[in-house]
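Text of the file input.tsv, holding TSV, C-alpha atoms:
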chain	number	residue	atom	x	y	z
R	143	MET	CA	127.59	83.73	126.15
R	144	ASN	CA	129.46	86.84	125.12
R	145	ILE	CA	127.69	90.04	125.97
R	146	ARG	CA	128.77	91.82	122.79
R	147	THR	CA	126.73	89.50	120.57
R	148	LEU	CA	123.74	89.84	122.88
R	149	ILE	CA	123.90	93.62	122.70
R	150	GLN	CA	124.28	93.51	118.92
R	151	ILE	CA	121.19	91.30	118.68
R	152	ILE	CA	119.15	93.62	120.88
R	153	THR	CA	120.18	96.86	119.15
R	154	LEU	CA	119.84	95.43	115.64
R	155	PHE	CA	116.37	93.98	116.06
R	156	SER	CA	114.85	96.66	118.23
R	157	SER	CA	115.88	99.27	115.67
R	158	LEU	CA	114.63	97.11	112.77
R	159	SER	CA	111.38	96.74	114.71
R	160	LEU	CA	110.80	100.49	114.61
R	161	LEU	CA	112.00	100.82	111.02
R	162	SER	CA	109.72	98.14	109.60
R	163	ILE	CA	106.98	100.47	108.43
R	164	GLY	CA	104.60	98.56	106.17
R	165	GLY	CA	105.45	95.15	107.62
R	166	GLY	CA	108.38	93.03	108.72
R	167	ASN	CA	109.50	92.09	105.24
R	168	THR	CA	110.36	95.69	104.37
R	169	VAL	CA	113.53	95.51	106.51
R	170	LEU	CA	114.79	92.21	105.07
R	171	PRO	CA	117.46	93.88	102.87
R	172	GLU	CA	118.82	95.81	105.86
R	173	MET	CA	118.70	92.68	108.04
R	174	HIS	CA	120.60	90.75	105.38
R	175	LEU	CA	123.26	93.45	105.13
R	176	LYS	CA	123.85	93.54	108.87
R	177	THR	CA	123.80	89.84	109.61
R	178	VAL	CA	125.92	88.73	106.64
R	179	ARG	CA	128.20	91.70	106.01
R	180	SER	CA	128.55	93.69	109.24
R	181	TYR	CA	128.33	91.00	111.93
R	182	ASP	CA	129.32	87.97	109.86
R	183	TRP	CA	126.82	85.74	111.65
R	184	MET	CA	126.12	83.64	108.55
R	185	THR	CA	126.70	83.30	104.82
R	186	ASP	CA	124.51	84.60	102.00
R	187	SER	CA	123.11	81.17	101.20
R	188	GLN	CA	122.40	80.44	104.86
R	189	PHE	CA	120.41	83.66	105.05
R	190	ALA	CA	118.43	82.65	101.96
R	191	ASP	CA	117.79	79.18	103.41
R	192	ILE	CA	116.59	80.35	106.80
R	193	PHE	CA	114.32	82.82	105.01
R	194	ALA	CA	112.74	79.87	103.18
R	195	ILE	CA	112.45	77.92	106.44
R	196	SER	CA	110.77	80.82	108.22
R	197	GLN	CA	108.28	81.20	105.36
R	198	ALA	CA	107.39	77.51	105.54
R	199	ALA	CA	106.39	77.67	109.19
R	200	PRO	CA	102.92	78.93	110.18
R	201	GLY	CA	102.51	82.19	112.07
R	202	PRO	CA	103.89	85.67	111.50
R	203	SER	CA	106.31	85.88	108.57
R	204	ILE	CA	108.84	87.82	110.64
R	205	LEU	CA	110.04	84.69	112.45
R	206	ILE	CA	113.20	84.76	110.33
R	207	VAL	CA	114.56	86.92	113.17
R	208	THR	CA	114.23	83.93	115.51
R	209	LEU	CA	116.61	81.98	113.29
R	210	VAL	CA	119.02	84.88	112.81
R	211	GLY	CA	119.18	85.24	116.60
R	212	TYR	CA	119.64	81.48	116.96
R	213	LYS	CA	122.55	81.40	114.52
R	214	ALA	CA	124.17	84.48	116.04
R	215	GLY	CA	123.88	82.86	119.47
R	216	LEU	CA	125.30	79.54	118.24
R	217	GLY	CA	128.56	81.32	117.49
R	218	ALA	CA	128.62	83.17	120.79
R	219	GLY	CA	130.07	80.66	123.20
R	220	TRP	CA	127.65	78.25	124.83
R	221	GLY	CA	126.49	76.31	121.79
R	222	GLN	CA	122.78	75.41	121.74
R	223	VAL	CA	122.11	77.29	124.98
R	224	SER	CA	123.36	80.63	123.67
R	225	GLY	CA	121.61	79.79	120.39
R	226	LEU	CA	118.30	79.53	122.26
R	227	ILE	CA	118.99	82.73	124.21
R	228	GLY	CA	119.83	84.53	120.96
R	229	ALA	CA	116.61	83.26	119.36
R	230	VAL	CA	114.38	84.38	122.22
R	231	VAL	CA	116.10	87.75	122.64
R	232	ALA	CA	115.96	88.51	118.89
R	233	THR	CA	112.27	87.60	118.70
R	234	LEU	CA	111.37	89.79	121.68
R	235	ALA	CA	113.52	92.68	120.45
R	236	MET	CA	111.72	92.56	117.10
R	237	MET	CA	108.23	92.54	118.61
R	238	ILE	CA	108.32	94.72	121.71
R	239	PRO	CA	109.27	98.22	120.45
R	240	ALA	CA	106.71	98.15	117.63
R	241	GLY	CA	104.23	96.48	119.97
R	242	ILE	CA	104.51	99.35	122.46
R	243	LEU	CA	103.80	101.83	119.68
R	244	VAL	CA	100.72	99.88	118.59
R	245	TYR	CA	99.58	99.66	122.20
R	246	LEU	CA	99.76	103.45	122.58
R	247	VAL	CA	97.83	103.99	119.36
R	248	ALA	CA	95.24	101.36	120.34
R	249	LYS	CA	94.76	103.07	123.71
R	250	VAL	CA	94.11	106.46	122.14
R	251	TRP	CA	91.85	104.74	119.64
R	252	GLU	CA	89.68	103.13	122.33
R	253	GLN	CA	89.23	106.49	124.03
R	254	ALA	CA	88.33	108.21	120.77
R	255	LYS	CA	85.34	105.96	120.17
R	256	GLU	CA	82.91	108.79	119.50
R	257	SER	CA	85.27	111.12	117.67
R	258	ALA	CA	84.59	112.17	114.10
R	259	PHE	CA	88.15	111.22	113.14
R	260	ARG	CA	87.72	107.63	114.24
R	261	LYS	CA	84.42	107.38	112.41
R	262	ALA	CA	86.07	108.79	109.30
R	263	VAL	CA	88.93	106.28	109.53
R	264	GLU	CA	86.62	103.31	110.09
R	265	LYS	CA	84.39	104.23	107.20
R	266	GLY	CA	87.02	105.68	104.87
R	267	PHE	CA	89.76	103.09	105.34
R	268	ALA	CA	87.47	100.10	104.75
R	269	PRO	CA	87.57	100.32	100.93
R	270	LEU	CA	91.33	100.94	101.03
R	271	THR	CA	91.86	97.87	103.20
R	272	VAL	CA	89.79	95.71	100.88
R	273	GLY	CA	91.96	96.94	97.99
R	274	LEU	CA	95.15	96.19	99.93
R	275	VAL	CA	93.92	92.72	100.86
R	276	LEU	CA	93.08	92.00	97.22
R	277	ALA	CA	96.51	93.34	96.23
R	278	SER	CA	98.28	91.05	98.69
R	279	GLY	CA	96.19	88.08	97.53
R	280	PHE	CA	97.18	88.95	93.97
R	281	VAL	CA	100.89	89.29	94.79
R	282	MET	CA	100.85	86.13	96.93
R	283	GLY	CA	99.12	84.29	94.09
R	284	GLN	CA	101.80	85.25	91.61
R	285	ALA	CA	104.46	83.99	94.00
R	286	ALA	CA	102.67	80.81	95.08
R	287	ASP	CA	100.87	79.61	91.96
R	288	HIS	CA	103.33	78.37	89.36
R	289	ASP	CA	101.11	76.68	86.78
R	290	TRP	CA	97.48	76.36	85.68
R	291	ARG	CA	96.76	73.59	88.21
R	292	ALA	CA	97.70	75.84	91.10
R	293	TYR	CA	95.64	78.69	89.65
R	294	LEU	CA	92.71	76.31	89.24
R	295	LEU	CA	93.09	75.13	92.84
R	296	THR	CA	93.13	78.75	94.04
R	297	ALA	CA	90.02	79.51	91.96
R	298	VAL	CA	88.10	76.45	93.24
R	299	CYS	CA	89.07	77.19	96.86
R	300	THR	CA	88.04	80.83	96.49
R	301	GLY	CA	84.63	79.63	95.25
R	302	ILE	CA	84.30	77.29	98.23
R	303	PHE	CA	85.22	80.05	100.71
R	304	VAL	CA	82.84	82.59	99.18
R	305	PHE	CA	79.81	80.41	98.54
R	306	THR	CA	79.94	77.80	101.30
R	307	LYS	CA	80.54	77.81	105.03
R	308	THR	CA	83.13	75.03	104.88
R	309	ASN	CA	85.77	75.28	107.61
R	310	PRO	CA	88.81	76.84	105.86
R	311	LEU	CA	91.10	74.49	107.77
R	312	ILE	CA	89.65	71.50	105.93
R	313	VAL	CA	90.14	73.20	102.57
R	314	VAL	CA	93.75	74.20	103.33
R	315	GLY	CA	94.41	70.67	104.60
R	316	ILE	CA	93.06	69.06	101.43
R	317	ALA	CA	95.05	71.51	99.29
R	318	GLY	CA	98.21	70.65	101.24
R	319	PHE	CA	97.45	66.96	100.67
R	320	LEU	CA	97.07	67.58	96.91
R	321	GLY	CA	100.48	69.26	96.98
R	322	TRP	CA	101.96	66.35	98.88
R	323	MET	CA	100.60	63.95	96.25
R	324	ASN	CA	102.26	66.19	93.65
R	325	LEU	CA	98.92	66.90	92.03
R	326	VAL	CA	99.53	70.63	92.24
X	286	MET	CA	86.59	108.80	131.10
X	287	LYS	CA	87.73	105.28	131.71
X	288	THR	CA	87.05	102.85	128.95
X	289	ASP	CA	87.25	99.33	130.28
X	290	PRO	CA	88.33	96.89	127.64
X	291	LEU	CA	85.97	93.98	127.19
X	292	ARG	CA	87.37	91.27	129.39
X	293	VAL	CA	88.16	87.95	127.84
X	294	PRO	CA	90.14	85.39	129.85
X	295	LEU	CA	93.84	85.50	129.00
X	296	TRP	CA	93.98	81.81	128.18
X	297	GLU	CA	91.19	82.29	125.65
X	298	LEU	CA	93.11	85.11	123.94
X	299	ALA	CA	96.27	83.01	123.83
X	300	LEU	CA	94.44	79.95	122.52
X	301	THR	CA	92.58	82.01	119.92
X	302	PHE	CA	95.76	83.54	118.51
X	303	ASN	CA	97.48	80.19	118.66
X	304	HIS	CA	94.63	78.79	116.60
X	305	ILE	CA	94.97	81.67	114.10
X	306	ALA	CA	98.73	81.13	113.81
X	307	LEU	CA	98.53	77.38	113.28
X	308	ALA	CA	95.69	77.68	110.79
X	309	SER	CA	97.80	80.02	108.68
X	310	PHE	CA	100.13	77.27	107.47
X	311	GLY	CA	100.73	78.36	103.88
X	312	GLY	CA	99.88	82.01	104.57
X	313	GLY	CA	96.75	84.13	104.73
X	314	LEU	CA	97.16	85.26	108.32
X	315	SER	CA	95.06	88.42	107.85
X	316	ALA	CA	92.21	86.40	106.41
X	317	TRP	CA	92.43	83.90	109.25
X	318	SER	CA	92.42	86.70	111.81
X	319	ARG	CA	89.24	88.11	110.30
X	320	GLU	CA	87.67	84.67	110.11
X	321	VAL	CA	88.25	84.11	113.83
X	322	VAL	CA	88.07	87.63	115.35
X	323	VAL	CA	85.12	88.99	113.36
X	324	VAL	CA	83.13	85.99	112.12
X	325	GLU	CA	83.63	83.37	114.82
X	326	LYS	CA	84.28	85.29	118.06
X	327	LYS	CA	82.55	88.56	117.10
X	328	TRP	CA	85.11	90.56	119.10
X	329	MET	CA	85.15	93.33	116.50
X	330	SER	CA	82.83	94.67	113.84
X	331	GLU	CA	83.86	94.38	110.21
X	332	GLU	CA	84.72	98.07	109.88
X	333	GLU	CA	86.59	98.21	113.17
X	334	PHE	CA	88.66	95.20	112.14
X	335	LEU	CA	89.44	96.54	108.67
X	336	SER	CA	90.57	99.93	109.93
X	337	ALA	CA	92.67	98.29	112.65
X	338	LEU	CA	94.29	96.10	110.01
X	339	THR	CA	95.33	99.10	107.95
X	340	MET	CA	96.60	100.99	111.00
X	341	CYS	CA	98.64	97.94	111.97
X	342	ARG	CA	100.12	97.96	108.48
X	343	ILE	CA	101.05	101.63	108.64
X	344	LEU	CA	102.71	101.31	112.05
X	345	PRO	CA	106.15	99.69	112.14
X	346	GLY	CA	106.37	96.05	113.11
X	347	ALA	CA	105.08	92.76	111.76
X	348	ASN	CA	101.45	93.37	110.78
X	349	GLN	CA	100.12	90.25	112.44
X	350	VAL	CA	101.97	90.82	115.69
X	351	ASN	CA	100.64	94.37	115.70
X	352	LEU	CA	97.11	93.12	115.12
X	353	ALA	CA	97.48	90.68	118.03
X	354	VAL	CA	98.54	93.61	120.25
X	355	PHE	CA	95.59	95.67	119.04
X	356	VAL	CA	92.96	92.98	119.54
X	357	GLY	CA	94.56	91.69	122.74
X	358	ASN	CA	94.61	95.15	124.26
X	359	LYS	CA	90.99	95.74	123.34
X	360	MET	CA	89.85	92.46	124.88
X	361	GLY	CA	92.13	92.36	127.94
X	362	GLY	CA	94.42	95.37	128.34
X	363	VAL	CA	98.19	94.98	128.56
X	364	PRO	CA	98.05	91.37	129.83
X	365	GLY	CA	95.69	90.62	126.96
X	366	ALA	CA	98.16	92.02	124.46
X	367	PHE	CA	100.94	89.86	125.89
X	368	ALA	CA	98.71	86.78	125.98
X	369	SER	CA	97.79	87.32	122.32
X	370	ILE	CA	101.42	87.71	121.18
X	371	PHE	CA	102.37	84.70	123.25
X	372	GLY	CA	99.65	82.59	121.67
X	373	LEU	CA	100.45	83.84	118.18
X	374	THR	CA	104.17	83.16	118.33
X	375	LEU	CA	104.97	80.37	120.82
X	376	ILE	CA	104.37	77.29	118.70
X	377	PRO	CA	105.53	78.90	115.42
X	378	VAL	CA	108.78	79.94	117.18
X	379	LEU	CA	109.30	76.40	118.49
X	380	LEU	CA	108.60	74.97	115.03
X	381	VAL	CA	110.98	77.40	113.34
X	382	LEU	CA	113.65	76.60	115.93
X	383	ALA	CA	113.22	72.87	115.37
X	384	LEU	CA	113.59	73.39	111.63
X	385	GLY	CA	116.56	75.71	112.17
X	386	TYR	CA	118.23	73.23	114.49
X	387	GLY	CA	117.85	70.55	111.82
X	388	TYR	CA	119.18	72.88	109.17
X	389	PHE	CA	122.27	74.09	111.01
X	390	THR	CA	123.04	70.64	112.46
X	391	PHE	CA	122.30	68.32	109.53
X	392	HIS	CA	122.56	70.92	106.72
X	393	HIS	CA	119.39	70.21	104.89
X	394	VAL	CA	115.99	71.88	104.62
X	395	PRO	CA	113.16	69.55	105.59
X	396	ALA	CA	111.04	68.56	102.63
X	397	LEU	CA	107.90	70.53	103.39
X	398	GLN	CA	107.85	72.17	99.99
X	399	ASP	CA	105.22	69.94	98.36
X	400	ILE	CA	102.62	70.24	101.10
X	401	LEU	CA	103.33	73.93	101.32
X	402	ARG	CA	102.74	74.46	97.62
X	403	GLY	CA	99.19	73.14	97.86
X	404	ALA	CA	98.43	74.89	101.16
X	405	ALA	CA	99.71	78.18	99.75
X	406	ALA	CA	97.30	77.97	96.81
X	407	ALA	CA	94.42	77.62	99.30
X	408	ALA	CA	95.79	80.40	101.52
X	409	VAL	CA	95.77	82.72	98.51
X	410	ALA	CA	92.16	81.71	97.95
X	411	LEU	CA	91.29	82.56	101.56
X	412	THR	CA	92.84	86.02	101.14
X	413	LEU	CA	90.97	86.59	97.87
X	414	SER	CA	87.69	85.45	99.43
X	415	MET	CA	88.25	87.87	102.32
X	416	ALA	CA	88.52	90.69	99.76
X	417	ILE	CA	85.31	89.53	98.10
X	418	LYS	CA	83.32	89.09	101.33
X	419	THR	CA	84.38	92.34	102.95
X	420	GLY	CA	84.06	94.13	99.62
X	421	GLN	CA	80.41	93.13	99.31
X	422	LYS	CA	79.74	94.91	102.59
X	423	CYS	CA	81.68	98.14	102.19
X	424	LEU	CA	82.11	98.81	98.47
X	425	LEU	CA	78.69	100.39	98.09
X	426	GLY	CA	78.66	103.40	95.79
X	427	PRO	CA	81.10	104.98	93.36
X	428	VAL	CA	83.56	106.64	95.81
X	429	PRO	CA	84.52	103.49	97.76
X	430	LEU	CA	84.75	101.55	94.49
X	431	VAL	CA	87.19	104.11	93.05
X	432	LEU	CA	89.27	104.15	96.26
X	433	PHE	CA	89.36	100.36	96.28
X	434	ALA	CA	90.36	100.13	92.61
X	435	ALA	CA	93.00	102.86	92.95
X	436	VAL	CA	94.78	101.24	95.89
X	437	PHE	CA	94.66	97.83	94.21
X	438	ILE	CA	96.21	99.22	91.02
X	439	LEU	CA	98.91	101.23	92.81
X	440	ASN	CA	99.86	98.63	95.42
X	441	GLY	CA	99.03	95.35	93.67
X	442	LEU	CA	99.70	95.99	89.97
X	443	LEU	CA	102.23	98.84	89.98
X	444	ARG	CA	103.82	97.60	93.23
X	445	TRP	CA	104.03	101.00	94.89
X	446	HIS	CA	105.01	100.90	98.53
X	447	LEU	CA	102.23	101.20	101.08
X	448	LEU	CA	103.12	104.68	102.32
X	449	PRO	CA	102.98	106.62	99.03
X	450	CYS	CA	99.72	104.84	98.14
X	451	LEU	CA	98.17	105.91	101.42
X	452	ALA	CA	99.68	109.40	101.28
X	453	ILE	CA	97.61	109.99	98.16
X	454	LEU	CA	94.45	108.03	98.95
X	455	ALA	CA	94.01	108.26	102.73
X	456	PRO	CA	93.15	112.00	102.76
X	457	ILE	CA	90.47	111.42	100.11
X	458	SER	CA	88.99	108.51	102.01
X	459	LEU	CA	88.99	110.47	105.28
X	460	VAL	CA	87.13	113.36	103.67
X	461	TRP	CA	84.65	110.91	102.21
X	462	GLY	CA	84.28	109.03	105.49
X	463	TRP	CA	83.95	112.11	107.72
X	464	PRO	CA	80.57	112.02	109.50
X	465	LYS	CA	78.09	114.50	108.06
X	466	LYS	CA	76.37	116.76	110.58
X	467	LEU	CA	72.89	115.68	109.54
X	468	GLN	CA	73.74	112.01	109.94
X	469	ALA	CA	75.27	112.66	113.32
X	470	LYS	CA	71.98	114.08	114.61
X	471	SER	CA	69.73	111.32	113.34

Before we go any further, please render this structure as structure tokens.
Amino acid sequence: MNIRTLIQIITLFSSLSLLSIGGGNTVLPEMHLKTVRSYDWMTDSQFADIFAISQAAPGPSILIVTLVGYKAGLGAGWGQVSGLIGAVVATLAMMIPAGILVYLVAKVWEQAKESAFRKAVEKGFAPLTVGLVLASGFVMGQAADHDWRAYLLTAVCTGIFVFTKTNPLIVVGIAGFLGWMNLV
Amino acid sequence: MKTDPLRVPLWELALTFNHIALASFGGGLSAWSREVVVVEKKWMSEEEFLSALTMCRILPGANQVNLAVFVGNKMGGVPGAFASIFGLTLIPVLLVLALGYGYFTFHHVPALQDILRGAAAAAVALTLSMAIKTGQKCLLGPVPLVLFAAVFILNGLLRWHLLPCLAILAPISLVWGWPKKLQAKS
């Protein structure tokens, strides 16, 4: 596998890792620019398609980097093997720099258990977080729910989650089944 | 002053985050994290979890990976953080790679779209219900209600980025949340 591609993967994703303030999706435009225009790893429509694929899979939404690394590696000499190396390296490069930063903050945070600042953050940020969670539910809903049936399904499921102790997995599973049957 | 993190076996951390990741098919990873970390495992209190969630959003990096580092470190130090990330990402990475292999080899996107559409509607519901359930506990009184409404309007309706929203509202919420001397004594 050629070393140049490997180094490009590492530098690109470790810098995007530290730039992605507010979440992984904030650096998507920059990632697109680099992978399609600067490095020529894939075409515009391939980038759009792997974005859709990465959104379909469970887990953190940032896994598009796994596929970018995979495609970059595919073109770097050893076929599937360098593809796999590219995928793993890109994923690690995207998670580790930001992860180290979080670790340092978490460490300070644990030691500051009794500090007034921590108490102020825990009490004061709670209403902000609830607002942000509602905002992301609202934005997700606009993207995911295309017609009244989907809105109705969201409303019914919300009722079930709030008023009953039903295992959410069952509800999500049934909703997925309804989608599969084209009822939503 | 050594603060020992609560020790949870590494395999349990990895399995827990694996469970969270797989459950989040269709989205709603934050809500699933709360469901498991706060409600089921009781590793964190509601307020501790909510403030960690917002800190993980402010810091660079994927929010959910950051949260796994935060919780993993609290429950098992550095190895705990790695075990949590490992659990969160291993199977999703393998799945994404399988899909990507199919896409780049056979040039078509597997037809998951229908199932996903339904699951996504339920994942939105889980996120909304998290806002309702946590809101019932911490939106007591006019100040938190105003803070909550303001950040929802700025971030959700007007689509402001996270940082300007927090630049305006975080100082107000810190002043409001600062422990009063009298309360500290009692």

Any idea what's packed within 10 Å of range 338-341 of chain X, counting all atoms listed in the file, ignoring anything in its chain fewer than 3 positions away? Could you give it as a VMD selection string?
-> (chain R and resid 163 to 165 240 to 241 244 247 to 248 263 to 264 267 to 268 270 to 272 274 to 275) or (chain X and resid 315 318 to 319 332 to 335 344 to 355 447 451)

Between CA of Ala286 in chain R and CA of Leu384 in chain X, distance in Å (one decimal) = 21.2 Å

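Note that CA of Val363 in chain X and CA of Tyr245 in chain R are 8.0 Å apart.
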
Which polymer residues have any atom within 12 Å of an atom of His392 in chain X, counting all atoms listed in the file, with same-chain residues fewer than 4 positions away left out, as JSON, numbers by chain?
-> {"R": [187, 188, 191, 192], "X": [384, 385, 386, 387, 388]}

Would you output that residue set with C-alpha atoms, as a short mmCIF file (atom, residue, chain, number, x, y, z; two decimals), in the frame of the given file?
data_model
loop_
_atom_site.label_atom_id
_atom_site.label_comp_id
_atom_site.auth_asym_id
_atom_site.auth_seq_id
_atom_site.Cartn_x
_atom_site.Cartn_y
_atom_site.Cartn_z
CA SER R 187 123.11 81.17 101.20
CA GLN R 188 122.40 80.44 104.86
CA ASP R 191 117.79 79.18 103.41
CA ILE R 192 116.59 80.35 106.80
CA LEU X 384 113.59 73.39 111.63
CA GLY X 385 116.56 75.71 112.17
CA TYR X 386 118.23 73.23 114.49
CA GLY X 387 117.85 70.55 111.82
CA TYR X 388 119.18 72.88 109.17
#

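Checking R:Gly273, R:Asn324, R:Thr308, R:His288 one by one against Val431 in chain X, counting all atoms listed in the file, you find the shortest gap at R:Gly273.
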
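Comparing the minimum interatomic distances between chain R and each of X:Ser330, X:Gln421, X:Ser309, X:Ser369, counting all atoms listed in the file, we find that X:Ser309 sits nearest.
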
Looking at all atoms listed in the file, which of X:Leu373, X:Ala435, X:Val324, X:Leu298 is the one that sits closest to Ile453 in chain X?
-> X:Ala435

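CA of Lys418 in chain X lies 15.8 Å from CA of Lys327 in chain X.
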
Place a sphere of radius 9 Å on (97.8, 83.1, 93.2) in the file coordinates and name every protein, DNA or RNA residue with an atom inside or on its surface, counting only C-alpha atoms; give the answer as a list in words.
-> Gly279, Phe280, Val281, Met282, Gly283, Gln284, Ala285, Ala286, Asp287, His288, Ala292, Tyr293, Thr296 and Ala297 of chain R; Ala405, Ala406, Ala407, Ala408, Val409, Ala410 and Leu413 of chain X

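Taking all atoms listed in the file, the non-local environment of Thr185 in chain R within 12 Å (same-chain residues fewer than 6 positions away omitted) comprises R:His174, R:Leu175, R:Lys176, R:Thr177, R:Val178, R:Arg179, R:Asp191, R:Ile192, R:Val210, R:Lys213, R:Ala214, X:Phe389.
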
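Look at everything within 12 Å of (98.5, 89.0, 133.9) using all atoms listed in the file, and the residues you get are Pro294, Leu295, Trp296, Leu298, Ala299, Gly361, Gly362, Val363, Pro364, Gly365, Ala366, Phe367, Ala368 and Ser369 of chain X.
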
Pick from R:Ile227, R:Ala317, R:Ala194, R:Met323 nearest to chain X, counting all atoms listed in the file = R:Ala317

Between R:Trp220, R:Tyr212, R:Trp290, R:Trp183, which is the closest to chain X once you count all atoms listed in the file?
-> R:Tyr212

Could you name the residues that touch Ala235 in chain R at 10 Å or less, counting only C-alpha atoms, but leaving out those on the same chain fewer than 4 positions away, as a PyMOL selection string?
-> chain R and resi 151-159+207+229-231+239-240

Select, from X:Cys450, X:Leu300, X:Ala383, X:Leu307, the residue with the minimum atom-to-atom distance to chain R, counting only C-alpha atoms.
-> X:Leu307

Pick out the residues sitting within 9 Å of Leu380 in chain X, and hand them over as a list in words; count only C-alpha atoms, and ignore anything fewer than 5 positions along from it in its own chain.
-> Ala199 and Pro200 of chain R; Leu375 and Gly385 of chain X
